[in-house]
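Note sheet for the following structure.
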Amino acid sequence: MDNIPILEKEHTLKLLRECDAGIKTAMNSIREVLGNINSAALRKALTDSLNKHEYMKNEIDAILSRMSEEGKEPNPVARAMSWAKINMKLLENPEDKTVAKLMFEGCNMGIEQVSGYLNDYSHADSRSREIAERLISTEDELAQCLREYL
C-alpha cells in the first residue's frame with residue numbers, strides 16, 4: 001500500500017478501523033445474548049451471523065497487518081451501556097422476542113453507522129469498501145431474519 005495516494009490510504013485505514021470496531025461490538029452483543037435463546041432457529045441465525053462477522057474481522061485484521069496498523073476497539077462507554085441495556089432488558093423479559101428486538105436495533109444502528117462511514121471515507125480502496133458493504137448486507141440479512149421474532 002506504499003504506492004497509493006495518501007487520501008486513499010487514510011480513508012482505507014479509517015474505514016477498516018470503524019468496521020473493525022463495529023464488528024467487535026456486534027460480536028460482543030451476539031455472544032451476550034446467545035445463552036438466553038430458546039429457539040433453535042434464532043440461535044442458528046445469530047450463530048451464523050457471528051461466524052460471518054468473525055470472517056470479516058479476520059479479513060480486516062489481515063489487511064491492517066499488511067499496512068502495519070491495528071484495528072479499533074469499540075468505545076468503552078458505549079460497550080458498557082450496551083452490556084447494561086442487554087442485561088437489564090433480558091432480566092426484565094428473558095424471551096426470544098426481547099433478544100430479537102435488541103439485536104434488530106443493533107443491526108439497524110450498524111447499518112446506519114457503516115453506511116455513514118462509506119460516505120465519509122469515499123476514497124477508501126475497493127477491497128475495504130466491499131468489506132463494509134458486506135458488513136451492511138450481513139446486518140440487513142440478520143435484521144430480516146429477526147423480524148419473525150418481534
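In the C-alpha cells, chains take the letters A, B, ... in the order shown, each chain's residues start at 1, and ligands count up from 1 in the order shown.
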Determine, using only C-alpha atoms, which residues of segment 97-150 of chain A have any atom at most 9 Å from an atom of segment 54-59 of chain A, and tabulate each with its shortest atom pair and distance in Å to one decimal place, rows ordered by chain and then rising number, as CSV.
```
residue,atom,partner,partner_atom,distance
A:Ile131,CA,A:Met56,CA,7.0
A:Arg134,CA,A:Met56,CA,8.5
A:Leu135,CA,A:Met56,CA,7.7
```
Please save N, CA and C atoms of the selected residues as a short mmCIF file (atom, residue, chain, number, x, y, z; two decimals), in the first residue's frame.
```cif
data_model
loop_
_atom_site.label_atom_id
_atom_site.label_comp_id
_atom_site.auth_asym_id
_atom_site.auth_seq_id
_atom_site.Cartn_x
_atom_site.Cartn_y
_atom_site.Cartn_z
N ILE A 131 -15.79 -4.86 1.88
CA ILE A 131 -15.99 -5.43 3.21
C ILE A 131 -17.07 -4.65 3.96
N ARG A 134 -20.37 -5.55 2.59
CA ARG A 134 -20.75 -6.89 3.03
C ARG A 134 -21.21 -6.88 4.50
N LEU A 135 -20.58 -6.03 5.29
CA LEU A 135 -21.00 -5.88 6.68
C LEU A 135 -22.42 -5.34 6.76
#
```
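The shortest atom-to-atom distance to Ser39 of chain A, with only C-alpha atoms taken into account, belongs to A:Glu148 out of A:Glu70, A:Asp140, A:Glu148, A:Asp61.
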Report task. Mind giving me the straight-line distance from atom CA of Ala132 of chain A to atom CA of Val77 of chain A in Å, one decimal? Result ->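 Atom-to-atom, atom CA of Ala132 of chain A to atom CA of Val77 of chain A, that is 23.7 Å.
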Query raised in the report: Looking at only C-alpha atoms, which of A:Leu7, A:Ala21, A:Met109, A:Ala78 is the one that sits closest to His53 of chain A?
Result: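 Smallest distance to His53 of chain A is found for A:Ala21.
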For Tyr121 of chain A, work out the shell of residues within 8 Å, counting only C-alpha atoms and skipping chain neighbours fewer than 2 positions away, then give it as a short mmCIF file (atom, residue, chain, number, x, y, z; two decimals) with N, CA and C atoms, in the first residue's frame.
```cif
data_model
loop_
_atom_site.label_atom_id
_atom_site.label_comp_id
_atom_site.auth_asym_id
_atom_site.auth_seq_id
_atom_site.Cartn_x
_atom_site.Cartn_y
_atom_site.Cartn_z
N HIS A 11 -8.28 7.07 4.06
CA HIS A 11 -9.70 6.67 4.08
C HIS A 11 -9.84 5.16 4.26
N THR A 12 -8.96 4.40 3.61
CA THR A 12 -8.99 2.94 3.75
C THR A 12 -8.76 2.55 5.20
N LYS A 14 -9.17 4.38 7.95
CA LYS A 14 -10.28 4.82 8.81
C LYS A 14 -11.51 3.93 8.63
N LEU A 15 -11.83 3.59 7.39
CA LEU A 15 -12.99 2.74 7.14
C LEU A 15 -12.79 1.37 7.77
N TYR A 117 -20.00 5.75 7.32
CA TYR A 117 -18.55 5.64 7.13
C TYR A 117 -18.20 5.47 5.66
N LEU A 118 -19.02 4.72 4.93
CA LEU A 118 -18.78 4.57 3.49
C LEU A 118 -18.85 5.94 2.80
N ASN A 119 -19.78 6.77 3.23
CA ASN A 119 -19.88 8.11 2.66
C ASN A 119 -18.72 9.00 3.12
N HIS A 123 -13.03 7.66 -0.43
CA HIS A 123 -11.82 7.40 -1.21
C HIS A 123 -11.10 6.13 -0.76
N ALA A 124 -11.73 5.35 0.13
CA ALA A 124 -11.13 4.08 0.56
C ALA A 124 -11.02 3.15 -0.63
#
```
Query - A:Asp20, A:Glu141, A:Glu95, A:Glu8 ranked by distance to Glu73 of chain A, top pick (using only C-alpha atoms) - result: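 Smallest separation from Glu73 of chain A among the options: A:Asp20.
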**Report entry** Best match for closeness to Leu102 of chain A among A:Ser115, A:Asn87, A:Thr47, A:Ser126, counting only C-alpha atoms
**Finding:**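 Nearest candidate to Leu102 of chain A out of A:Ser115, A:Asn87, A:Thr47, A:Ser126: A:Asn87.
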**Report entry** Distance of atom CA of Gly110 of chain A from atom CA of Ala45 of chain A, expressed in Å to one decimal place
**Finding:**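 These two atoms are separated by 17.0 Å.
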Query - Test item, alpha helix (DSSP H) assignment across chain A, answer as a PyMOL selection string - result: chain A and resi 6-33+40-66+76-92+96-120+126-146
**Report entry** Residue neighbourhood Lys85 of chain A, 12 Å, only C-alpha atoms, exclusion window fewer than 5 positions, as a ChimeraX atom specification
**Finding:** /A:29,32-33,78-80,90-92,98-99,101-103,105-106
